file run_37.txt (compact mmCIF, C-alpha atoms)
# COMPACT_ATOMS: atom_id res chain seq x y z
CA MET A 1 28.22 -6.89 -88.97
CA LYS A 2 29.38 -9.86 -86.90
CA THR A 3 30.93 -12.01 -89.58
CA THR A 4 33.63 -9.46 -90.12
CA LEU A 5 34.23 -10.99 -86.72
CA LYS A 6 37.59 -9.59 -85.84
CA ILE A 7 37.45 -12.95 -84.05
CA LEU A 8 41.12 -12.90 -83.43
CA ALA A 9 42.00 -9.38 -84.05
CA VAL A 10 43.50 -10.69 -81.01
CA LEU A 11 46.26 -11.88 -83.31
CA VAL A 12 46.64 -8.73 -85.37
CA PHE A 13 49.43 -7.64 -83.09
CA ALA A 14 50.91 -11.06 -82.36
CA MET A 15 53.83 -10.64 -84.72
CA GLY A 16 54.56 -7.18 -83.35
CA ALA A 17 54.75 -8.64 -79.86
CA LEU A 18 57.00 -11.46 -81.03
CA ALA A 19 59.30 -8.97 -82.70
CA ALA A 20 59.51 -7.09 -79.41
CA ILE A 21 60.84 -10.18 -77.66
CA GLY A 22 63.32 -11.05 -80.37
CA PHE A 23 61.32 -13.06 -82.92
CA PHE A 24 61.10 -11.81 -86.50
CA SER A 25 62.56 -8.39 -85.82
CA GLY A 26 62.74 -6.57 -89.12
CA ILE A 27 59.85 -8.55 -90.59
CA ILE A 28 57.04 -6.54 -89.03
CA SER A 29 57.74 -3.38 -90.98
CA THR A 30 60.34 -1.68 -93.07
CA GLY A 31 60.19 1.30 -90.75
CA ASN A 32 60.10 1.80 -86.99
CA SER A 33 56.84 0.16 -85.90
CA GLY A 34 57.17 0.47 -82.13
CA CYS A 35 54.48 2.53 -80.41
CA GLY A 36 55.48 4.21 -77.17
CA VAL A 37 52.84 5.21 -74.64
CA THR A 38 53.12 7.66 -71.75
CA VAL A 39 50.17 8.29 -69.41
CA LEU A 40 49.92 11.40 -67.23
CA PRO A 41 47.23 13.03 -65.06
CA ALA A 42 44.85 15.00 -67.25
CA THR A 43 45.73 18.32 -65.58
CA THR A 44 49.16 17.97 -67.18
CA HIS A 45 47.75 18.02 -70.68
CA ALA A 46 44.01 18.69 -70.55
CA THR A 47 41.75 19.97 -73.31
CA VAL A 48 38.11 20.74 -74.06
CA VAL A 49 36.02 19.89 -77.10
CA ASP A 50 36.45 22.33 -79.99
CA ALA A 51 33.14 24.21 -80.36
CA SER A 52 33.90 25.21 -83.96
CA TYR A 53 34.38 21.55 -84.87
CA LEU A 54 31.00 20.66 -83.34
CA ARG A 55 29.18 23.51 -85.11
CA ALA A 56 30.32 22.25 -88.50
CA LEU A 57 28.97 18.71 -88.07
CA THR A 58 26.27 17.48 -90.44
CA PHE A 59 23.82 14.78 -89.36
CA MET A 60 25.87 11.91 -90.82
CA GLU A 61 29.10 13.33 -89.45
CA ALA A 62 27.51 13.53 -86.01
CA VAL A 63 26.35 9.90 -86.27
CA GLU A 64 29.70 8.61 -87.51
CA SER A 65 31.50 10.47 -84.71
CA PHE A 66 28.82 9.60 -82.14
CA VAL A 67 28.39 13.27 -81.26
CA LEU A 68 24.75 13.16 -80.17
CA ASN A 69 24.01 16.77 -79.35
CA PRO A 70 25.80 18.92 -81.93
CA PRO A 71 24.92 22.64 -82.08
CA ALA A 72 23.14 22.12 -85.41
CA ARG A 73 20.86 19.38 -84.05
CA ALA A 74 17.84 21.73 -83.90
CA SER A 75 18.17 22.27 -87.66
CA PHE A 76 18.12 18.54 -88.42
CA THR A 77 14.90 16.93 -89.63
CA HIS A 78 12.41 15.40 -87.20
CA ASP A 79 13.54 11.86 -88.07
CA GLN A 80 17.22 12.73 -87.81
CA GLN A 81 16.66 14.17 -84.33
CA ALA A 82 14.65 11.08 -83.37
CA TYR A 83 17.52 8.86 -84.47
CA LEU A 84 19.97 10.82 -82.32
CA ARG A 85 17.58 10.48 -79.36
CA ALA A 86 17.61 6.73 -79.89
CA LEU A 87 21.40 6.77 -79.87
CA GLU A 88 21.35 8.62 -76.55
CA SER A 89 19.40 5.69 -75.10
CA VAL A 90 21.88 3.23 -76.63
CA GLU A 91 24.77 5.16 -75.12
CA SER A 92 23.18 4.78 -71.67
CA ALA A 93 22.50 1.06 -72.35
CA HIS A 94 18.74 1.75 -72.19
CA TYR A 95 17.98 -0.49 -75.13
CA TYR A 96 14.32 -0.80 -74.13
CA GLU A 97 13.99 2.95 -74.77
CA ALA A 98 15.92 2.92 -78.02
CA GLU A 99 14.07 0.03 -79.65
CA PRO A 100 10.67 1.70 -80.17
CA LEU A 101 12.40 4.81 -81.56
CA PHE A 102 14.38 2.76 -84.07
CA SER A 103 11.28 0.70 -84.92
CA GLU A 104 9.23 3.81 -85.65
CA LEU A 105 11.96 5.08 -87.97
CA LEU A 106 11.83 1.92 -90.10
CA THR A 107 9.10 3.66 -92.09
CA SER A 108 10.91 6.99 -92.33
CA GLU A 109 10.78 8.70 -95.71
CA ASP A 110 14.47 9.47 -95.24
CA SER A 111 16.25 6.42 -96.67
CA THR A 112 19.44 7.22 -94.71
CA VAL A 113 17.60 7.31 -91.40
CA ARG A 114 15.62 4.22 -92.37
CA ASN A 115 18.72 2.15 -93.15
CA LEU A 116 20.57 3.41 -90.08
CA SER A 117 17.62 2.30 -87.96
CA ARG A 118 17.56 -1.13 -89.59
CA LYS A 119 21.27 -1.62 -88.90
CA SER A 120 20.84 -0.35 -85.35
CA LEU A 121 17.99 -2.75 -84.57
CA VAL A 122 19.94 -5.70 -85.96
CA GLU A 123 22.87 -4.79 -83.71
CA MET A 124 20.59 -4.43 -80.67
CA PHE A 125 18.91 -7.80 -81.25
CA TRP A 126 22.36 -9.36 -81.54
CA VAL A 127 23.89 -7.90 -78.39
CA GLN A 128 20.76 -8.83 -76.40
CA GLN A 129 20.90 -12.35 -77.88
CA ARG A 130 17.36 -12.04 -79.20
CA TRP A 131 17.96 -14.74 -81.78
CA GLU A 132 14.28 -15.50 -82.39
CA ASP A 133 13.51 -11.85 -83.17
CA LEU A 134 16.45 -11.65 -85.56
CA VAL A 135 15.45 -14.83 -87.40
CA SER A 136 11.79 -13.82 -87.54
CA TRP A 137 12.63 -10.39 -88.94
CA ALA A 138 14.93 -11.86 -91.59
CA ARG A 139 12.20 -14.31 -92.57
CA SER A 140 9.63 -11.54 -93.02
CA ASP A 141 12.05 -9.11 -94.68
CA PRO A 142 14.55 -10.85 -97.03
CA THR A 143 16.02 -7.45 -97.95
CA LEU A 144 17.90 -7.50 -94.63
CA ILE A 145 20.27 -9.94 -96.34
CA SER A 146 20.13 -8.53 -99.87
CA ASP A 147 20.78 -5.00 -98.58
CA SER A 148 23.67 -6.25 -96.38
CA ILE A 149 21.94 -5.02 -93.23
CA LEU A 150 22.33 -8.55 -91.84
CA GLU A 151 25.08 -10.84 -93.03
CA GLU A 152 24.32 -14.41 -94.04
CA GLY A 153 26.81 -15.81 -91.52
CA ASP A 154 25.08 -13.95 -88.69
CA LEU A 155 21.73 -15.37 -89.72
CA VAL A 156 23.21 -18.89 -89.78
CA CYS A 157 24.39 -18.38 -86.18
CA ALA A 158 21.11 -16.83 -85.03
CA ARG A 159 19.16 -19.80 -86.42
CA ALA A 160 21.41 -22.17 -84.48
CA PHE A 161 21.44 -20.15 -81.27
CA GLU A 162 17.64 -19.83 -81.17
CA THR A 163 17.42 -23.60 -80.68
CA PHE A 164 19.48 -23.43 -77.46
CA PRO A 165 18.11 -22.76 -73.98
CA ARG A 166 18.36 -19.14 -72.84
CA GLU A 167 21.78 -18.14 -71.51
CA GLU A 168 21.97 -17.63 -67.75
CA TYR A 169 24.59 -15.80 -65.65
CA ARG A 170 25.07 -16.47 -61.94
CA ILE A 171 27.25 -13.72 -60.50
CA PRO A 172 28.26 -13.84 -56.81
CA PRO A 173 27.44 -10.80 -54.65
CA ALA A 174 31.06 -10.24 -53.62
CA PRO A 175 33.90 -9.28 -55.99
CA PHE A 176 36.66 -11.82 -56.50
CA THR A 177 40.12 -11.79 -58.07
CA LEU A 178 41.86 -14.33 -60.30
CA ALA A 179 45.49 -14.62 -61.36
CA THR A 180 46.24 -13.97 -65.02
CA SER A 181 49.20 -14.83 -67.21
CA THR A 182 50.58 -13.28 -70.38
CA ILE A 183 51.68 -15.35 -73.37
CA PRO A 184 54.44 -14.23 -75.80
CA SER A 185 51.92 -12.53 -78.11
CA GLY A 186 50.95 -10.23 -75.24
CA HIS A 187 47.50 -11.72 -74.73
CA VAL A 188 46.23 -11.95 -71.18
CA MET A 189 45.01 -15.41 -70.19
CA VAL A 190 42.77 -16.60 -67.37
CA GLU A 191 41.71 -20.05 -66.20
CA VAL A 192 38.19 -21.14 -67.10
CA GLU A 193 36.26 -24.37 -66.64
CA ILE A 194 34.39 -25.67 -69.65
CA ASN A 195 31.90 -28.29 -68.46
CA GLY A 196 34.34 -29.10 -65.65
CA HIS A 197 37.53 -29.10 -67.76
CA LYS A 198 40.12 -26.45 -66.94
CA LYS A 199 41.50 -24.41 -69.82
CA GLN A 200 43.33 -21.13 -70.35
CA PHE A 201 41.35 -18.58 -72.38
CA ALA A 202 42.38 -15.18 -73.69
CA LEU A 203 40.43 -12.10 -72.58
CA ASP A 204 39.18 -10.06 -75.52
CA THR A 205 36.49 -7.39 -75.76
CA GLY A 206 37.13 -7.51 -79.51
CA ALA A 207 35.47 -10.92 -79.88
CA ASP A 208 31.71 -10.38 -80.09
CA LEU A 209 31.07 -13.87 -78.66
CA THR A 210 33.19 -16.39 -76.80
CA VAL A 211 35.34 -18.48 -79.14
CA VAL A 212 36.54 -22.07 -78.65
CA THR A 213 38.79 -24.09 -80.91
CA ASP A 214 37.79 -27.48 -82.25
CA ASP A 215 40.85 -28.93 -80.47
CA ILE A 216 38.96 -28.91 -77.15
CA VAL A 217 35.40 -29.54 -78.33
CA GLU A 218 35.31 -33.29 -77.74
CA GLU A 219 37.29 -33.21 -74.49
CA CYS A 220 35.16 -30.44 -73.00
CA GLY A 221 31.81 -31.59 -74.34
CA VAL A 222 31.08 -28.42 -76.29
CA GLU A 223 27.91 -28.83 -78.34
CA VAL A 224 28.57 -27.94 -81.97
CA MET A 225 25.96 -27.39 -84.66
CA ASP A 226 26.29 -28.69 -88.22
CA GLN A 227 25.83 -25.27 -89.80
CA VAL A 228 28.99 -23.68 -91.17
CA ALA A 229 29.48 -19.93 -91.54
CA GLU A 230 32.33 -17.93 -92.98
CA SER A 231 34.00 -15.01 -91.27
CA GLY A 232 36.21 -12.21 -92.37
CA THR A 233 39.24 -11.62 -90.15
CA SER A 234 41.57 -8.75 -89.39
CA THR A 235 43.28 -9.43 -92.73
CA GLU A 236 41.72 -10.26 -96.12
CA ALA A 237 41.66 -13.95 -95.20
CA THR A 238 38.40 -15.71 -94.39
CA VAL A 239 37.91 -18.58 -91.96
CA GLU A 240 35.09 -21.00 -91.35
CA PHE A 241 33.40 -21.45 -88.00
CA ARG A 242 30.39 -23.19 -86.53
CA PRO A 243 27.94 -22.05 -83.87
CA GLY A 244 28.02 -24.00 -80.63
CA MET A 245 27.09 -23.94 -76.96
CA ILE A 246 28.85 -24.53 -73.64
CA ARG A 247 26.43 -25.97 -71.08
CA GLU A 248 28.46 -24.66 -68.14
CA MET A 249 31.36 -22.25 -68.17
CA ARG A 250 32.91 -21.15 -64.90
CA VAL A 251 35.27 -18.23 -64.51
CA GLY A 252 36.20 -18.18 -60.85
CA ASP A 253 32.94 -17.84 -58.92
CA ILE A 254 30.88 -16.91 -61.98
CA LEU A 255 28.76 -19.59 -63.61
CA VAL A 256 27.43 -19.11 -67.13
CA LYS A 257 24.95 -21.68 -68.42
CA ASN A 258 23.98 -22.29 -72.06
CA HIS A 259 26.74 -20.01 -73.31
CA PRO A 260 26.67 -19.45 -77.14
CA VAL A 261 30.08 -19.68 -78.81
CA TYR A 262 31.84 -19.73 -82.14
CA VAL A 263 33.82 -22.93 -82.81
CA MET A 264 36.88 -22.43 -85.00
CA ASN A 265 39.72 -24.52 -86.38
CA GLY A 266 42.51 -24.70 -83.81
CA ASP A 267 45.13 -24.27 -86.54
CA ASP A 268 43.91 -20.69 -87.03
CA PHE A 269 44.94 -19.95 -83.44
CA GLU A 270 48.48 -21.31 -83.57
CA PHE A 271 51.69 -19.60 -84.53
CA SER A 272 55.04 -21.37 -84.74
CA VAL A 273 58.66 -20.35 -85.10
CA ALA A 274 61.11 -22.92 -86.52
CA GLY A 275 58.62 -25.67 -85.75
CA VAL A 276 58.10 -24.53 -82.16
CA THR A 277 54.59 -23.42 -81.23
CA ILE A 278 54.76 -19.93 -79.74
CA ILE A 279 51.05 -19.16 -79.56
CA ASP A 280 48.39 -21.82 -78.99
CA ILE A 281 45.06 -20.49 -77.74
CA ASP A 282 42.21 -22.82 -76.74
CA GLY A 283 39.59 -20.10 -76.62
CA ILE A 284 38.63 -16.49 -76.00
CA ILE A 285 36.28 -14.95 -73.46
CA GLY A 286 34.47 -12.35 -75.52
CA LEU A 287 32.58 -9.11 -75.09
CA PRO A 288 29.26 -10.42 -73.65
CA PHE A 289 31.09 -11.55 -70.50
CA TYR A 290 32.56 -8.07 -69.98
CA MET A 291 29.21 -6.38 -70.53
CA LYS A 292 27.62 -8.23 -67.61
CA LEU A 293 30.29 -7.22 -65.09
CA ALA A 294 32.53 -4.54 -63.67
CA VAL A 295 36.02 -5.72 -64.61
CA THR A 296 39.42 -4.51 -63.43
CA GLN A 297 42.39 -5.89 -65.34
CA ASP A 298 45.53 -5.17 -63.36
CA PHE A 299 48.44 -5.66 -65.71
CA GLY A 300 51.05 -4.73 -63.11
CA ALA A 301 49.84 -7.26 -60.54
CA GLU A 302 48.83 -9.82 -63.21
CA GLN A 303 45.34 -10.32 -61.91
CA ILE A 304 41.75 -9.59 -62.86
CA THR A 305 38.84 -8.69 -60.57
CA PHE A 306 35.19 -9.33 -61.43
CA ALA A 307 32.30 -7.67 -59.62
CA ARG A 308 28.61 -7.01 -59.99
CA PRO A 309 28.18 -3.51 -61.42
CA GLU A 310 26.95 -1.01 -58.85
CA ALA A 311 24.27 1.32 -60.16
CA SER A 312 25.42 4.93 -60.28
CA ALA A 313 24.54 8.14 -62.06
CA LYS A 314 25.71 7.88 -65.65
CA ASN A 315 27.73 11.05 -65.82
CA ASN A 316 30.54 11.60 -68.30
CA ILE A 317 29.97 8.36 -70.18
CA ASN A 318 33.12 7.41 -72.06
CA LEU A 319 32.46 3.70 -72.65
CA PHE A 320 29.49 2.26 -74.50
CA TRP A 321 28.43 -0.41 -76.93
CA PHE A 322 27.02 0.27 -80.37
CA GLY A 323 27.78 -2.61 -82.69
CA SER A 324 31.18 -2.83 -80.98
CA PRO A 325 32.76 -1.70 -77.68
CA LEU A 326 33.57 1.99 -78.04
CA VAL A 327 35.58 4.51 -76.02
CA ARG A 328 35.36 8.30 -76.15
CA LEU A 329 38.58 10.30 -76.23
CA THR A 330 39.48 13.88 -77.12
CA SER A 331 42.48 15.10 -79.10
CA ASP A 332 44.75 17.84 -77.78
CA ASN A 333 43.10 20.29 -80.20
CA GLY A 334 39.60 19.46 -78.98
CA VAL A 335 38.36 16.97 -81.58
CA PRO A 336 36.08 14.26 -80.11
CA LEU A 337 37.20 10.76 -81.08
CA VAL A 338 35.82 7.23 -80.81
CA PHE A 339 38.13 4.23 -80.46
CA TYR A 340 37.28 0.52 -80.57
CA LEU A 341 38.17 -1.07 -77.20
CA ASP A 342 40.15 -4.25 -77.76
CA THR A 343 41.63 -5.95 -74.71
CA GLY A 344 42.96 -8.63 -77.06
CA ALA A 345 45.27 -6.11 -78.72
CA ASN A 346 48.57 -5.28 -77.06
CA ARG A 347 49.09 -2.09 -79.07
CA THR A 348 46.89 0.87 -79.82
CA ARG A 349 46.39 1.69 -83.49
CA ILE A 350 44.76 4.57 -85.38
CA THR A 351 42.75 4.73 -88.59
CA ARG A 352 43.23 6.95 -91.62
CA ARG A 353 40.08 8.74 -90.50
CA PHE A 354 41.99 9.76 -87.36
CA ILE A 355 44.64 11.41 -89.51
CA ASP A 356 41.96 13.25 -91.50
CA GLN A 357 40.01 14.30 -88.40
CA LEU A 358 43.09 15.83 -86.79
CA SER A 359 44.36 17.33 -90.08
CA ILE A 360 47.71 15.61 -89.59
CA THR A 361 49.97 16.43 -92.52
CA ARG A 362 53.12 14.63 -91.42
CA ALA A 363 52.67 10.87 -91.48
CA ARG A 364 55.31 8.44 -92.69
CA THR A 365 54.47 5.44 -94.86
CA ILE A 366 55.80 2.00 -93.94
CA THR A 367 55.13 -1.55 -95.03
CA ALA A 368 53.61 -3.39 -92.07
CA GLU A 369 52.40 -6.92 -91.53
CA ALA A 370 49.18 -7.80 -89.78
CA MET A 371 48.44 -11.27 -88.52
CA GLY A 372 44.99 -12.62 -87.87
CA ALA A 373 43.11 -15.89 -87.77
CA GLY A 374 43.82 -17.52 -91.11
CA GLY A 375 47.20 -15.96 -91.84
CA SER A 376 49.19 -12.76 -92.21
CA GLN A 377 49.11 -9.96 -94.73
CA GLU A 378 51.33 -7.03 -95.64
CA TYR A 379 49.73 -3.62 -95.87
CA GLU A 380 50.74 0.00 -96.26
CA ALA A 381 50.54 1.79 -92.93
CA LEU A 382 50.92 5.42 -91.96
CA VAL A 383 52.92 6.32 -88.86
CA VAL A 384 52.26 9.44 -86.77
CA ASP A 385 55.32 10.32 -84.73
CA SER A 386 53.51 11.87 -81.76
CA VAL A 387 49.99 12.65 -80.59
CA TRP A 388 48.27 13.49 -77.27
CA LEU A 389 44.81 12.10 -76.43
CA LEU A 390 42.64 12.68 -73.36
CA LEU A 391 40.85 9.72 -71.72
CA GLY A 392 38.90 10.49 -68.57
CA THR A 393 41.32 11.78 -65.96
CA HIS A 394 44.42 10.89 -67.95
CA SER A 395 46.33 12.33 -70.88
CA ILE A 396 47.98 9.73 -73.09
CA PHE A 397 50.99 10.47 -75.27
CA PHE A 398 51.51 8.10 -78.19
CA GLU A 399 54.83 7.97 -79.99
CA LYS A 400 55.11 6.40 -83.44
CA VAL A 401 51.53 5.13 -83.53
CA ARG A 402 50.49 3.58 -86.83
CA THR A 403 47.32 2.86 -88.75
CA GLN A 404 45.71 -0.56 -88.50
CA ILE A 405 44.87 -2.71 -91.49
CA ASN A 406 41.11 -2.21 -91.12
CA ASP A 407 39.62 1.27 -90.80
CA SER A 408 36.38 0.18 -89.13
CA TYR A 409 34.83 -2.81 -87.39
CA GLY A 410 31.39 -1.31 -86.87
CA THR A 411 28.39 -0.78 -89.12
CA VAL A 412 27.32 2.77 -88.25
CA ILE A 413 30.12 4.40 -86.24
CA SER A 414 33.40 5.28 -87.97
CA GLU A 415 36.12 4.51 -85.44
CA ASP A 416 39.18 6.72 -85.19
CA GLY A 417 41.34 3.96 -83.81
CA LEU A 418 41.66 0.78 -81.79
CA MET A 419 42.64 1.05 -78.13
CA GLY A 420 44.86 -1.76 -76.92
CA ILE A 421 46.01 -2.67 -73.44
CA ASP A 422 49.27 -0.73 -73.84
CA VAL A 423 47.48 2.33 -72.42
CA ALA A 424 47.34 0.51 -69.07
CA SER A 425 50.78 -1.10 -69.15
CA GLY A 426 52.03 -1.52 -65.60
CA GLY A 427 48.70 -0.30 -64.24
CA ALA A 428 45.04 -1.26 -64.33
CA MET A 429 42.12 -0.82 -66.70
CA HIS A 430 38.63 -0.52 -65.16
CA ILE A 431 35.84 -1.57 -67.54
CA ASP A 432 32.22 -0.98 -66.53
CA PHE A 433 29.75 -1.03 -69.43
CA SER A 434 26.74 -0.82 -67.10
CA ASN A 435 27.85 2.61 -65.89
CA GLY A 436 29.54 3.71 -69.09
CA ARG A 437 33.04 4.10 -67.69
CA LEU A 438 36.52 3.14 -68.78
CA ASP A 439 39.19 4.36 -66.36
CA LEU A 440 42.90 3.82 -65.88
CA SER A 441 44.85 3.71 -62.62
CA PHE A 442 48.54 3.48 -61.86
CA SER A 443 50.84 3.36 -58.89
CA LYS A 444 51.93 6.73 -57.49
CA ASN A 445 55.31 6.61 -59.13
CA ARG A 446 53.74 6.04 -62.55
CA SER A 447 51.00 8.59 -63.06
CA GLU A 448 49.17 9.83 -59.99

call {"tool": "encode", "arguments": {"input": "run_37.txt", "output": "structure tokens"}}
result
Amino acid sequence: MKTTLKILAVLVFAMGALAAIGFFSGIISTGNSGCGVTVLPATTHATVVDASYLRALTFMEAVESFVLNPPARASFTHDQQAYLRALESVESAHYYEAEPLFSELLTSEDSTVRNLSRKSLVEMFWVQQRWEDLVSWARSDPTLISDSILEEGDLVCARAFETFPREEYRIPPAPFTLATSTIPSGHVMVEVEINGHKKQFALDTGADLTVVTDDIVEECGVEVMDQVAESGTSTEATVEFRPGMIREMRVGDILVKNHPVYVMNGDDFEFSVAGVTIIDIDGIIGLPFYMKLAVTQDFGAEQITFARPEASAKNNINLFWFGSPLVRLTSDNGVPLVFYLDTGANRTRITRRFIDQLSITRARTITAEAMGAGGSQEYEALVVDSVWLLLGTHSIFFEKVRTQINDSYGTVISEDGLMGIDVASGGAMHIDFSNGRLDLSFSKNRSE
């Protein structure tokens, strides 16, 4: 679950970005690794979901694709249908409705449903920061660890976090806007105050908690626990981290008190060329911050706006959390897809599942290099020369999009790709988890 942290999947695309500005060109891949993106109004290239595809879905295929009401649902078992009902509540962020359904299914005679429900409850406890419940459950049921439902590193963090005071957000009633900057890796940075000390943090929905480096811990008075956990990264490397807490973090007019964080070695967040540091990140604002707010990242104007979410009817949900931040898209031949939303990634990537789902037969093989916290790694990637995807009111054309090094970051859902901020290049990305919407907007001469 969490200790495959993707903590700085953030940096997966750092080398690609550096190549784009003249560093290491030719090192990133032996083929053409650039991914072009064109965004148009959906009426230009619109599609509907393929009914024949939906009819063929089995229960597990429906779960993995997060298709919650497939035509065959009535033929599924009682417990399978109950699990899908629980997922409908998760999709709408009604976790209080989903929890009793998952809990009841813990005693299901169907081992698949039972284990899915265990994983789902662990994820829900985590995202709601119910550390005491997670620790108590692991204490009463050691098989959570032995069955890999809960990872040991997550339990280490939960035990530390349960000793902290409850986190508290103070969000002003009026929206406000802050200036952002972009570093050579392509990561968007914003000013934060950590216990009164100003720092520049990256913005990343791909980090499941806020991350700080040990370089700033003493200066900023970050409280760090003695426990040490190990995390997987976006490559095969592993890195150590410690749970910690920021007493007061301010982002513009927002105050967050008792903010749980991961503390990592600052060396894992640096990248140098010929002895010159090109990337040096002090920290990352992670997913929990986004989930509390309505956020508009305007990449053209280099600014970000935070607002309290306004309650609205949850129609056409295309953004939701389930173990990770997920976005619904549709292919040009009507196949529903789910992508991991990663605002710390400057390029969109696909998975091999995507290629299988769309029955793509022409994909070139290249040797690519991924970089993450802890180092870089070569891997064999597949490149698809062109593909259209539908997101909300926009059609997105990807040219030369390639597979990422990891095929999935979740525990239940099988993602078809990772959506980076390139889809909103020159425009804005509107992220509203409370209302289940991810939307793009552009100036008139770009797409509308």

call {"tool": "atom_distance", "arguments": {"input": "run_37.txt", "atom1": "atom CA of A:Thr107", "atom2": "atom CA of A:Ser65"}}
result
24.5 Å

call {"tool": "atom_distance", "arguments": {"input": "run_37.txt", "atom1": "atom CA of A:Arg402", "atom2": "atom CA of A:Cys35"}}
result
7.6 Å

call {"tool": "residues_around", "arguments": {"input": "run_37.txt", "residues": "stretch 278-291 of chain A", "least_positions_apart": "6", "cutoff": "6 Å", "atoms": "all atoms listed in the file", "output": "VMD selection string"}}
result
chain A and resid 201 to 205 207 to 213 269 to 272 433

call {"tool": "residues_around", "arguments": {"input": "run_37.txt", "residues": "A:Ile355", "least_positions_apart": "3", "cutoff": "12 Å", "atoms": "only C-alpha atoms", "output": "PyMOL selection string"}}
result
chain A and resi 331+335+337+349-352+358-364+381-387+401-403+407+415-417

call {"tool": "write_last_selection", "arguments": {"input": "run_37.txt", "atoms": "C-alpha atoms", "output": "PDB file, in the frame of the given file"}}
result
ATOM      1  CA  SER A 331      42.480  15.100 -79.100  1.00  0.00           C
ATOM      2  CA  VAL A 335      38.360  16.970 -81.580  1.00  0.00           C
ATOM      3  CA  LEU A 337      37.200  10.760 -81.080  1.00  0.00           C
ATOM      4  CA  ARG A 349      46.390   1.690 -83.490  1.00  0.00           C
ATOM      5  CA  ILE A 350      44.760   4.570 -85.380  1.00  0.00           C
ATOM      6  CA  THR A 351      42.750   4.730 -88.590  1.00  0.00           C
ATOM      7  CA  ARG A 352      43.230   6.950 -91.620  1.00  0.00           C
ATOM      8  CA  LEU A 358      43.090  15.830 -86.790  1.00  0.00           C
ATOM      9  CA  SER A 359      44.360  17.330 -90.080  1.00  0.00           C
ATOM     10  CA  ILE A 360      47.710  15.610 -89.590  1.00  0.00           C
ATOM     11  CA  THR A 361      49.970  16.430 -92.520  1.00  0.00           C
ATOM     12  CA  ARG A 362      53.120  14.630 -91.420  1.00  0.00           C
ATOM     13  CA  ALA A 363      52.670  10.870 -91.480  1.00  0.00           C
ATOM     14  CA  ARG A 364      55.310   8.440 -92.690  1.00  0.00           C
ATOM     15  CA  ALA A 381      50.540   1.790 -92.930  1.00  0.00           C
ATOM     16  CA  LEU A 382      50.920   5.420 -91.960  1.00  0.00           C
ATOM     17  CA  VAL A 383      52.920   6.320 -88.860  1.00  0.00           C
ATOM     18  CA  VAL A 384      52.260   9.440 -86.770  1.00  0.00           C
ATOM     19  CA  ASP A 385      55.320  10.320 -84.730  1.00  0.00           C
ATOM     20  CA  SER A 386      53.510  11.870 -81.760  1.00  0.00           C
ATOM     21  CA  VAL A 387      49.990  12.650 -80.590  1.00  0.00           C
ATOM     22  CA  VAL A 401      51.530   5.130 -83.530  1.00  0.00           C
ATOM     23  CA  ARG A 402      50.490   3.580 -86.830  1.00  0.00           C
ATOM     24  CA  THR A 403      47.320   2.860 -88.750  1.00  0.00           C
ATOM     25  CA  ASP A 407      39.620   1.270 -90.800  1.00  0.00           C
ATOM     26  CA  GLU A 415      36.120   4.510 -85.440  1.00  0.00           C
ATOM     27  CA  ASP A 416      39.180   6.720 -85.190  1.00  0.00           C
ATOM     28  CA  GLY A 417      41.340   3.960 -83.810  1.00  0.00           C
TER      29      GLY A 417
END

call {"tool": "atom_distance", "arguments": {"input": "run_37.txt", "atom1": "atom CA of A:Leu155", "atom2": "atom CA of A:Ala138"}}
result
7.9 Å

call {"tool": "closest_atom_pairs", "arguments": {"input": "run_37.txt", "of": "stretch 48-159 of chain A", "to": "stretch 311-324 of chain A", "cutoff": "9 Å", "atoms": "all atoms listed in the file", "output": "Markdown table"}}
result
| residue | atom | partner | partner_atom | distance |
| --- | --- | --- | --- | --- |
| A:Leu87 | CA | A:Phe322 | CA | 8.6 |
| A:Val90 | CA | A:Phe322 | CA | 7.0 |
| A:Glu91 | CA | A:Phe320 | CA | 5.6 |
| A:Ser92 | CA | A:Lys314 | CA | 7.2 |
| A:Ala93 | CA | A:Phe320 | CA | 7.4 |
| A:Ser120 | CA | A:Gly323 | CA | 7.8 |
| A:Glu123 | CA | A:Gly323 | CA | 5.5 |
| A:Met124 | CA | A:Gly323 | CA | 7.7 |
| A:Trp126 | CA | A:Gly323 | CA | 8.7 |
| A:Val127 | CA | A:Gly323 | CA | 7.8 |

call {"tool": "axis_aligned_box", "arguments": {"input": "run_37.txt", "around": "stretch 156-163 of chain A", "padding_each_side": "6 Å", "output": "JSON"}}
result
{"center_x": 20.9, "center_y": -20.2, "center_z": -85.2, "size_x": 19.0, "size_y": 18.8, "size_z": 21.1}

call {"tool": "closest_residue", "arguments": {"input": "run_37.txt", "among": "A:Val188, A:Met225, A:Val412, A:Ala72", "to": "A:Arg118", "atoms": "all atoms listed in the file"}}
result
A:Val412

call {"tool": "closest_residue", "arguments": {"input": "run_37.txt", "among": "A:Pro142, A:Gly426, A:Leu389, A:Ser414", "to": "A:Val338", "atoms": "all atoms listed in the file"}}
result
A:Ser414

call {"tool": "closest_residue", "arguments": {"input": "run_37.txt", "among": "A:Val113, A:Leu255, A:Leu341, A:Ala368", "to": "A:Met429", "atoms": "all atoms listed in the file"}}
result
A:Leu341
